[in-house]
Structure formats: structure tokens, C-alpha cells
Amino acid sequence: MNLVDRAKNIMFSSKTEWDAVANEEPNIQQILLSYVLPLALIPTIAVIIGWGVVGMFGFTSFTYGIAMGLVQILGAFITVLLASFVIDALAGSFGSHKNLGRAVQLVAFSMTPVWVAGILNILPTIGWLAGLVGLYGLYLMYLGLTPLMKTPEDKRVGYLVVSIIILLVVYFVVVAILSAILLSIFGLSLLSGLSNMR
């Protein structure tokens with residue numbers, strides 16, 4: 001699996017790429033280390049540079065950037081794993097095949113756009129746009145459900161809606177928890193950072 005080719009094909013020729021993924025034997029460790037890690041480093045490094053060098057409204061802090069960078073990288077792994085476990089657990093309810101490896105492929109590859117767009121975090125004022133670009137990942141997940149999880153056509157929308165809700169809830173809960181923990185470890189608070197911007 002070539003990282004650049006896989007990311008490009010998932011985003012721009014997703015229908016045929018999902019078929020190619022379905023023909024591969026899923027290897028969770030390989031997906032996490034060879035795909036999730038390098039792509040999740042894009043927003044991680046961008047956040048560190050964004051807050052450490054560029055800043056927002058005159059506020060810059062490498063410490064804050066490092067804390068938020070750790071949130072990005074840890075959040076990526078935890079979100080992929082937790083969402084995959086839940087999506088796999090729900091498979092039977094939507095006439096789909098239970099297969100954790102396939103669920104990891106589905107979640108990890110569907111998150112490609114948000115990680116690639118994470119480069120926008122280099123400018124903290126527009127970093128939120130990465131989340132909007134990431135919405136395309138939901139469409140990618142829709143396309144991947146049938147080839148990977150063998151979801152029947154008539155149950156694909158329902159499975160997608162439930163999967164989206166799970167993915168969003170897991171992501172925001174994980175980010176909130178990691179942010180609170182890491183900011184307290186680094187002795188920072190968002191409010192003190194915001195007050196320094198004035």
C-alpha cells in the first residue's frame with residue numbers, strides 16, 4: 001500500500017479504490033502505522049507551527065501548539081479505533097459483515113480528507129476549514145460501506161447515519177478529554193490563552 005497513491009485514490013477515484021481496498025487483507029497495525037500515523041502528522045505539525053509561529057490575534061505559544069498537536073495525533077488513533085469497534089459491533093444490525101479489520105480500513109481511509117486538509121491549521125484563523133473539507137470523508141464512508149462491510153444497498157444510508165453520529169460523538173468526546181488532560185499537564189488553559197490575545 002503506497003501512502004500517497006492510496007490517499008490520492010481514496011479522495012479522487014474512491015469508487016474504484018474501495019474495490020481495491022476490499023481485495024486486500026486488512027492489517028490493523030499496518031493501517032495505523034503506515035497510513036494513520038503519517039497522515040495524522042499533517043495536522044499535528046501544522047497546529048504546532050500555527051500556534052507556535054503564526055498564532056492568532058497576536059497570541060503565539062509553542063507550548064499550546066505542542067499540547068494541541070498531541071491532541072491531534074492521539075485523537076486520530078483513538079477515534080479510528082473506537083469508531084471502528086462501534087461500527088463493527090453494529091454491522092449485524094444493518095445486514096453487514098462483522099470484520100474489525102474492514103471497519104478500521106473504512107474509518108481510517110474515510111478520514112483522509114480531514115487529515116490532508118489539516119495543513120490549514122498552519123493558519124489558526126482558518127484551521128476550522130479542515131473540518132468542513134473533512135465532511136467529504138462522510139461521503140467516502142458511504143461509498144466504502146458496501147465494498148468493505150458488505151452492507152446491502154437498502155441499509156447503507158441508515159448504517160451511514162448511525163456511523164456518522166458515532167464518529168462525530170467519539171471524535172468530539174476524545175478531543176475534549178485529551179484537550180483537558182494535555183492542557184492541564186502543560187499548565188495551560190484556553191481561557192488564559194484567550195485573555196493573552198487581548
# chains A, B, ... in the order shown; residues from 1 in each chain; ligands from 1

$ select_by_dssp --residues "segment 59-116 of chain A" --states "alpha helix (DSSP H)" --output "VMD selection string"
chain A and resid 62 to 90 100 to 110 112 to 116

$ residues_around --residues "Val36 of chain A" --least-positions-apart "5" --cutoff "10 Å" --atoms "only C-alpha atoms" --output "PyMOL selection string"
chain A and resi 3+29-31+41+73+76-77+80+108-109+111-112+115

$ closest_atom_pairs --of "segment 134-168 of chain A" --to "segment 87-101 of chain A" --cutoff "10 Å" --atoms "only C-alpha atoms" --output "tab-separated table"
residue	atom	partner	partner_atom	distance
A:Leu145	CA	A:Ser96	CA	8.6
A:Thr146	CA	A:Ser96	CA	8.3
A:Leu148	CA	A:His97	CA	8.5
A:Met149	CA	A:His97	CA	5.3
A:Lys150	CA	A:Ser96	CA	5.2
A:Thr151	CA	A:Ser96	CA	4.5
A:Pro152	CA	A:Gly95	CA	6.5
A:Glu153	CA	A:Gly95	CA	9.9
A:Asp154	CA	A:Phe94	CA	9.2
A:Lys155	CA	A:Phe94	CA	5.8
A:Arg156	CA	A:Phe94	CA	7.7
A:Val157	CA	A:Phe94	CA	9.8
A:Gly158	CA	A:Phe94	CA	7.7
A:Tyr159	CA	A:Phe94	CA	6.1
A:Leu160	CA	A:Ile87	CA	9.5
A:Val162	CA	A:Ile87	CA	8.5
A:Ser163	CA	A:Ile87	CA	6.2
A:Ile164	CA	A:Ile87	CA	9.7
A:Ile166	CA	A:Ile87	CA	8.0
A:Leu167	CA	A:Ile87	CA	8.8

$ residues_around --residues "segment 133-140 of chain A" --least-positions-apart "2" --cutoff "8 Å" --atoms "only C-alpha atoms" --output "VMD selection string"
chain A and resid 10 to 11 14 110 to 115 117 129 to 131 142 to 144 164

$ residues_around --residues "Thr125 of chain A" --least-positions-apart "4" --cutoff "9 Å" --atoms "only C-alpha atoms" --output "ChimeraX atom specification"
/A:55-57,121

$ write_last_selection --atoms "all heavy atoms" --output "PDB file, in the first residue's frame"
ATOM      1  N   GLY A  55       0.282  32.020  15.152  1.00  0.00           N
ATOM      2  CA  GLY A  55      -0.594  32.483  16.223  1.00  0.00           C
ATOM      3  C   GLY A  55      -1.920  33.026  15.727  1.00  0.00           C
ATOM      4  O   GLY A  55      -2.244  32.969  14.545  1.00  0.00           O
ATOM      5  N   MET A  56      -2.673  33.545  16.697  1.00  0.00           N
ATOM      6  CA  MET A  56      -3.980  34.111  16.384  1.00  0.00           C
ATOM      7  C   MET A  56      -4.168  35.387  17.200  1.00  0.00           C
ATOM      8  O   MET A  56      -4.002  35.365  18.422  1.00  0.00           O
ATOM      9  CB  MET A  56      -5.091  33.103  16.714  1.00  0.00           C
ATOM     10  CG  MET A  56      -6.481  33.574  16.317  1.00  0.00           C
ATOM     11  SD  MET A  56      -7.812  32.437  16.840  1.00  0.00           S
ATOM     12  CE  MET A  56      -7.483  31.005  15.870  1.00  0.00           C
ATOM     13  N   PHE A  57      -4.481  36.479  16.537  1.00  0.00           N
ATOM     14  CA  PHE A  57      -4.706  37.771  17.182  1.00  0.00           C
ATOM     15  C   PHE A  57      -3.537  38.168  18.093  1.00  0.00           C
ATOM     16  O   PHE A  57      -3.733  38.671  19.196  1.00  0.00           O
ATOM     17  CB  PHE A  57      -6.015  37.768  17.981  1.00  0.00           C
ATOM     18  CG  PHE A  57      -7.202  37.325  17.171  1.00  0.00           C
ATOM     19  CD1 PHE A  57      -7.927  36.200  17.536  1.00  0.00           C
ATOM     20  CD2 PHE A  57      -7.592  38.017  16.033  1.00  0.00           C
ATOM     21  CE1 PHE A  57      -9.020  35.780  16.782  1.00  0.00           C
ATOM     22  CE2 PHE A  57      -8.686  37.612  15.281  1.00  0.00           C
ATOM     23  CZ  PHE A  57      -9.396  36.494  15.655  1.00  0.00           C
ATOM     24  N   ASN A 121      -4.306  24.153   9.367  1.00  0.00           N
ATOM     25  CA  ASN A 121      -4.065  24.544  10.755  1.00  0.00           C
ATOM     26  C   ASN A 121      -2.789  25.355  10.922  1.00  0.00           C
ATOM     27  O   ASN A 121      -2.532  25.886  11.997  1.00  0.00           O
ATOM     28  CB  ASN A 121      -4.019  23.308  11.662  1.00  0.00           C
ATOM     29  CG  ASN A 121      -5.399  22.748  11.903  1.00  0.00           C
ATOM     30  OD1 ASN A 121      -6.253  23.413  12.456  1.00  0.00           O
ATOM     31  ND2 ASN A 121      -5.614  21.523  11.467  1.00  0.00           N
TER      32      ASN A 121
END

$ atom_distance --atom1 "atom CA of Leu183 of chain A" --atom2 "atom CA of Tyr64 of chain A"
7.5 Å

$ residues_around --residues "Ile185 of chain A" --least-positions-apart "6" --cutoff "12 Å" --atoms "only C-alpha atoms" --output "list in words"
Thr63, Tyr64, Ile66, Ala67, Met68, Leu70, Leu178 and Ser179 of chain A

$ atom_distance --atom1 "atom CA of Glu24 of chain A" --atom2 "atom CA of Val86 of chain A"
21.9 Å

$ closest_residue --among "A:Arg102, A:Ser61, A:Ala46, A:Asn9" --to "Glu25 of chain A" --atoms "only C-alpha atoms"
A:Arg102

$ closest_residue --among "A:Val161, A:Phe62, A:Val104, A:Ser13" --to "Phe186 of chain A" --atoms "only C-alpha atoms"
A:Phe62

$ residues_around --residues "Leu123 of chain A" --least-positions-apart "5" --cutoff "10 Å" --atoms "only C-alpha atoms" --output "list of chain:residue names"
A:Ala46, A:Val47, A:Ile49, A:Gly50, A:Trp51, A:Val53, A:Val54, A:Gly55, A:Met56, A:Trp128

$ residues_around --residues "Val174 of chain A" --least-positions-apart "6" --cutoff "8 Å" --atoms "only C-alpha atoms" --output "list in words"
Gly75, Ile78 and Thr79 of chain A

$ atom_distance --atom1 "atom CA of Gly65 of chain A" --atom2 "atom CA of Lys8 of chain A"
28.0 Å
